[in-house]
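Structure data (compact mmCIF, C-alpha atoms) from entry10.txt:
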```txt
# COMPACT_ATOMS: atom_id res chain seq x y z
CA ILE P 3 -2.91 9.88 -15.70
CA PHE P 4 -0.81 6.79 -16.35
CA HIS P 5 -1.50 6.48 -20.09
CA PRO P 6 -1.82 10.07 -21.40
CA MET P 7 -2.80 10.60 -25.04
CA GLY P 8 0.22 11.10 -27.27
CA GLU P 9 2.73 10.18 -24.55
CA GLN P 10 4.56 6.98 -23.75
CA PRO P 11 5.27 6.97 -20.01
CA ALA P 12 8.19 4.79 -18.99
CA LYS P 13 7.32 1.34 -17.64
CA TYR P 14 9.19 0.13 -14.58
CA ARG P 15 9.22 -3.10 -12.64
CA LEU P 16 8.15 -2.48 -9.08
CA SER P 17 11.52 -3.89 -7.99
CA ASP P 18 13.00 -0.66 -9.45
CA LEU P 19 10.52 1.50 -7.51
CA VAL P 20 10.28 -0.17 -4.10
CA SER P 21 12.34 -2.47 -1.91
CA GLN P 22 10.91 -4.97 0.54
CA ARG P 23 11.82 -4.78 4.22
CA GLN P 24 11.83 -7.79 6.48
CA PRO P 25 9.94 -7.98 9.79
CA ASP P 26 11.93 -6.03 12.38
CA VAL P 27 9.99 -6.35 15.65
CA PRO P 28 10.40 -9.43 17.84
CA VAL P 29 7.08 -10.13 19.56
CA ASP P 30 6.90 -9.93 23.35
CA GLY P 31 3.83 -11.69 24.76
CA THR P 32 3.44 -8.99 27.45
CA ALA P 33 3.71 -5.99 25.11
CA GLU P 34 0.94 -4.07 23.36
CA TYR P 35 1.06 -3.61 19.57
CA HIS P 36 -0.81 -1.03 17.50
CA PHE P 37 -1.66 -2.57 14.12
CA ALA P 38 -2.31 -0.93 10.77
CA GLY P 39 -4.55 -2.50 8.14
CA VAL P 40 -5.50 -1.93 4.51
CA TYR P 41 -9.07 -1.62 3.29
CA SER P 42 -10.05 -3.34 0.06
CA PHE P 43 -11.33 -1.53 -3.03
CA GLY P 44 -8.77 1.28 -2.91
CA ARG P 45 -9.81 2.72 0.44
CA GLY P 46 -6.27 2.82 1.82
CA VAL P 47 -4.32 2.18 5.00
CA PHE P 48 -5.96 2.66 8.41
CA ALA P 49 -5.23 2.30 12.13
CA SER P 50 -6.55 -1.10 13.15
CA ALA P 51 -6.59 -3.03 16.42
CA VAL P 52 -4.40 -2.84 19.50
CA LYS P 53 -3.38 -6.35 20.58
CA MET P 54 -1.24 -7.92 23.24
CA GLY P 55 1.62 -10.08 21.98
CA SER P 56 -0.02 -13.07 23.67
CA GLU P 57 -3.08 -12.72 21.36
CA PHE P 58 -1.36 -13.88 18.16
CA ALA P 59 1.19 -16.47 17.03
CA TYR P 60 3.55 -14.34 14.92
CA GLU P 61 7.11 -14.28 16.20
CA ARG P 62 7.99 -11.04 14.38
CA LEU P 63 6.10 -8.02 13.06
CA SER P 64 7.03 -5.19 10.69
CA THR P 65 7.10 -1.54 11.65
CA VAL P 66 5.49 0.73 9.07
CA ARG P 67 6.55 4.31 8.46
CA ALA P 68 4.64 7.12 6.76
CA GLY P 69 5.31 6.82 3.03
CA ASP P 70 5.90 3.05 3.06
CA PHE P 71 3.83 0.93 0.69
CA ILE P 72 1.98 -2.12 2.07
CA TYR P 73 -0.65 -4.67 1.15
CA PRO P 74 -2.12 -7.85 2.66
CA LYS P 75 -1.07 -10.81 0.50
CA LEU P 76 -4.56 -12.28 0.72
CA MET P 77 -6.63 -9.27 -0.41
CA ALA P 78 -4.32 -7.28 -2.69
CA TRP P 79 -6.09 -8.59 -5.79
CA GLU P 80 -9.19 -6.61 -4.83
CA GLY P 81 -7.48 -3.29 -4.29
CA ALA P 82 -6.16 -3.66 -0.74
CA LEU P 83 -2.90 -1.79 -1.29
CA GLY P 84 -1.74 1.59 -0.11
CA VAL P 85 0.78 4.06 1.20
CA VAL P 86 1.06 4.41 4.97
CA PRO P 87 -0.39 7.77 6.08
CA PRO P 88 1.22 9.88 8.83
CA GLU P 89 -1.39 8.79 11.40
CA CYS P 90 -0.20 5.15 11.05
CA ASP P 91 3.53 5.95 11.34
CA GLY P 92 5.20 3.57 13.80
CA MET P 93 2.38 1.00 13.82
CA VAL P 94 3.02 -2.65 12.99
CA VAL P 95 1.69 -5.23 10.56
CA SER P 96 1.91 -9.02 10.52
CA PRO P 97 4.23 -10.90 8.15
CA GLU P 98 1.14 -11.35 5.92
CA PHE P 99 1.65 -7.68 4.96
CA PRO P 100 4.79 -7.12 2.91
CA VAL P 101 6.30 -3.71 3.70
CA PHE P 102 8.13 -1.75 0.99
CA THR P 103 10.32 1.34 1.14
CA VAL P 104 9.62 3.61 -1.83
CA ASN P 105 12.50 4.78 -4.06
CA THR P 106 11.37 8.42 -4.12
CA GLU P 107 13.94 9.30 -6.78
CA ALA P 108 11.96 7.13 -9.21
CA VAL P 109 8.36 7.42 -7.97
CA LEU P 110 6.56 9.45 -5.33
CA PRO P 111 4.55 7.51 -2.70
CA GLU P 112 1.44 9.50 -3.62
CA VAL P 113 1.74 8.32 -7.24
CA LEU P 114 1.93 4.67 -6.12
CA ASP P 115 -1.09 5.25 -3.89
CA ILE P 116 -3.11 6.79 -6.73
CA TYR P 117 -2.09 4.04 -9.14
CA PHE P 118 -3.01 1.12 -6.88
CA ARG P 119 -6.30 2.71 -5.78
CA THR P 120 -7.38 2.68 -9.44
CA PRO P 121 -9.94 -0.10 -10.09
CA ASP P 122 -8.58 -0.67 -13.61
CA VAL P 123 -5.35 -2.03 -12.04
CA TRP P 124 -6.97 -4.67 -9.82
CA PRO P 125 -7.80 -7.26 -12.53
CA ALA P 126 -4.12 -7.41 -13.50
CA LEU P 127 -3.24 -8.00 -9.83
CA ALA P 128 -5.90 -10.72 -9.66
CA GLU P 129 -4.29 -12.45 -12.65
CA ILE P 130 -0.88 -12.62 -10.98
CA SER P 131 -2.24 -13.66 -7.57
CA GLY P 132 -1.94 -17.39 -6.96
CA GLY P 133 -4.37 -19.75 -5.28
CA THR P 134 -7.06 -22.27 -6.05
CA ASN P 135 -10.04 -20.50 -4.52
CA ALA P 136 -11.15 -17.11 -5.83
CA ARG P 137 -11.39 -15.65 -2.31
CA ARG P 138 -8.05 -17.12 -1.12
CA ARG P 139 -5.69 -15.84 -3.80
CA ARG P 140 -2.41 -14.36 -2.55
CA LEU P 141 -0.13 -11.82 -4.17
CA GLN P 142 3.38 -12.92 -3.27
CA PRO P 143 6.04 -10.19 -2.90
CA ALA P 144 8.32 -11.70 -5.57
CA THR P 145 5.44 -11.63 -8.08
CA PHE P 146 4.47 -8.11 -7.04
CA LEU P 147 8.06 -6.90 -7.52
CA GLY P 148 7.97 -8.25 -11.09
CA TYR P 149 4.80 -6.30 -11.94
CA GLU P 150 5.32 -3.39 -14.36
CA MET P 151 3.61 -0.02 -14.09
CA SER P 152 3.71 3.14 -16.14
CA VAL P 153 5.46 5.95 -14.30
CA PRO P 154 4.82 9.55 -15.33
CA SER P 155 7.66 12.06 -15.53
CA MET P 156 8.78 13.55 -12.22
CA ALA P 157 7.25 16.90 -13.23
CA LYS P 158 3.86 15.18 -13.69
CA GLN P 159 4.36 13.27 -10.43
CA LEU P 160 4.93 16.52 -8.55
CA GLU P 161 1.68 17.86 -10.04
CA LEU P 162 -0.12 14.71 -8.96
CA ARG P 163 1.33 15.03 -5.46
CA ALA P 164 0.01 18.59 -5.14
CA ILE P 165 -3.46 17.50 -6.29
CA TYR P 166 -3.36 14.47 -3.98
CA GLN P 167 -2.35 16.60 -0.97
CA HIS P 168 -5.09 19.13 -1.74
CA THR P 169 -7.65 16.32 -1.98
CA GLN P 170 -6.45 14.79 1.31
CA ALA P 171 -6.75 18.19 3.02
CA LEU P 172 -10.31 18.58 1.72
CA LYS P 173 -11.22 15.09 2.93
CA ALA P 174 -9.83 15.88 6.39
CA LYS P 175 -11.75 19.16 6.48
CA HIS P 176 -14.99 17.42 5.47
CA ALA P 177 -14.43 14.71 8.10
CA ALA P 178 -13.96 17.37 10.78
CA ILE P 179 -17.16 19.13 9.64
CA ARG P 180 -19.09 15.83 9.75
CA GLN P 181 -17.73 15.07 13.21
CA ALA P 182 -18.65 18.55 14.49
```

In structure tokens, write the structure found in this file.
Amino acid sequence: IFHPMGEQPAKYRLSDLVSQRQPDVPVDGTAEYHFAGVYSFGRGVFASAVKMGSEFAYERLSTVRAGDFIYPKLMAWEGALGVVPPECDGMVVSPEFPVFTVNTEAVLPEVLDIYFRTPDVWPALAEISGGTNARRRRLQPATFLGYEMSVPSMAKQLELRAIYQHTQALKAKHAAIRQA
């Protein structure tokens, strides 16, 4: 998909494709917060815990919106990156999760999601993640924004989006069948 035979897809720095947002929610110790998380190994963003503001020390959190791109600094090197799905819209993440708005004129969120769920990408992320202990490496936002990825043409991205949406619909249908 990202390196088709006979084609040379354009390479872009992530700083051209996404922009980081700063934490926007001041924490109130008496308020309840619905957190999102990101599974490792390309399994995507999920609804996580509900916590009271008194249960954690962060002074600010970040709101995530459907289509945003997020990752935990600590686990990104093993495929914990993803696009926020509609069911997590409006949830929050700690400052340990950089939140990025996607420049949809350059790349579709679904394409970023597909790319960073690909196991072949994770070793390159591991190389640019700093830290002394293999399990404690962190991918800093400035380093992430300097990473380059191949970006297919917009026509190919639209094709990928259609396939991605069809796949997501099938997964939802299968989940409903399993639940029933």

Please write out, as JSON, where the centre of an axis-aligned box around all listed atoms of segment 148-167 of chain P lies and how long its edges are, in Å to one decimal, after adding 4 Å on each side.
```
{"center_x": 2.7, "center_y": 5.2, "center_z": -8.6, "size_x": 20.2, "size_y": 34.8, "size_z": 23.2}
```

Worksheet item: atom CA of Ser21 of chain P to atom CA of Val153 of chain P: how many Å, to one decimal?
Response: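 Going from atom CA of Ser21 of chain P over to atom CA of Val153 of chain P, I get 16.5 Å.
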
Worksheet item: What would the list of residues within 10 Å of (-3.1, -14.7, -6.5) (file frame) look like as a VMD selection string, if all atoms listed in the file are what count?
Response: chain P and resid 75 to 79 127 to 142 145

Worksheet item: To one decimal place, how far is atom CA of Leu160 of chain P from atom CA of Val40 of chain P in Å?
Response: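 Distance between the two atoms: 24.9 Å.
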
Set out as CSV a contact list for segment 59-79 of chain P and segment 109-126 of chain P with a cut-off of 10 Å, giving each residue of segment 59-79 of chain P that qualifies its closest atom pair and distance in Å to one decimal, counting only C-alpha atoms, ordered by chain and rising residue number.
```
residue,atom,partner,partner_atom,distance
P:Ala68,CA,P:Pro111,CA,9.5
P:Gly69,CA,P:Pro111,CA,5.8
P:Asp70,CA,P:Pro111,CA,7.4
P:Phe71,CA,P:Pro111,CA,7.4
P:Ile72,CA,P:Asp115,CA,10.0
P:Ala78,CA,P:Trp124,CA,8.0
P:Trp79,CA,P:Trp124,CA,5.7
```

Practice prompt. Kindly indicate which residue among P:Lys53, P:Phe48, P:Ala38, P:Gly81 lies nearest to Val94 of chain P, using all atoms listed in the file for the distances.
Written response: P:Ala38

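Counting all atoms listed in the file and comparing P:Arg45, P:His36, P:Arg180, P:Lys158, the residue that lies closest to Gly84 of chain P is P:Arg45.
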
Worksheet item: Could you work out how far atom CA of Asp18 of chain P lies from atom CA of Gln167 of chain P, giving the answer in Å with one decimal?
Response: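 Atom CA of Gln167 of chain P sits 24.6 Å away from atom CA of Asp18 of chain P.
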
Item to complete: Taking (-8.2, -2.0, 7.6) in the file's own coordinates, collect the residues within 10 Å, counting all atoms listed in the file, and hand them back as a ChimeraX atom specification.
Response: /P:37-42,45-51,74,82

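When only C-alpha atoms are used to compute distances to Tyr14 of chain P, the closest of the residues P:Glu161, P:Glu107, P:Glu150, P:Asp30 turns out to be P:Glu150.
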
Practice prompt. Tell me which protein, DNA and RNA residues are within 6 Å of Val20 of chain P, counting all atoms listed in the file, leaving out same-chain ones fewer than 4 positions away, and put them as a list of chain:residue names.
Written response: P:Leu16, P:Phe102, P:Thr103, P:Val104, P:Asn105

Worksheet item: Which is closer to Glu9 of chain P than all the others in P:Ala182, P:Leu63, P:Ser152, P:Arg23, using all atoms listed in the file?
Response: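 Using all atoms listed in the file, the shortest distance to Glu9 of chain P belongs to P:Ser152.
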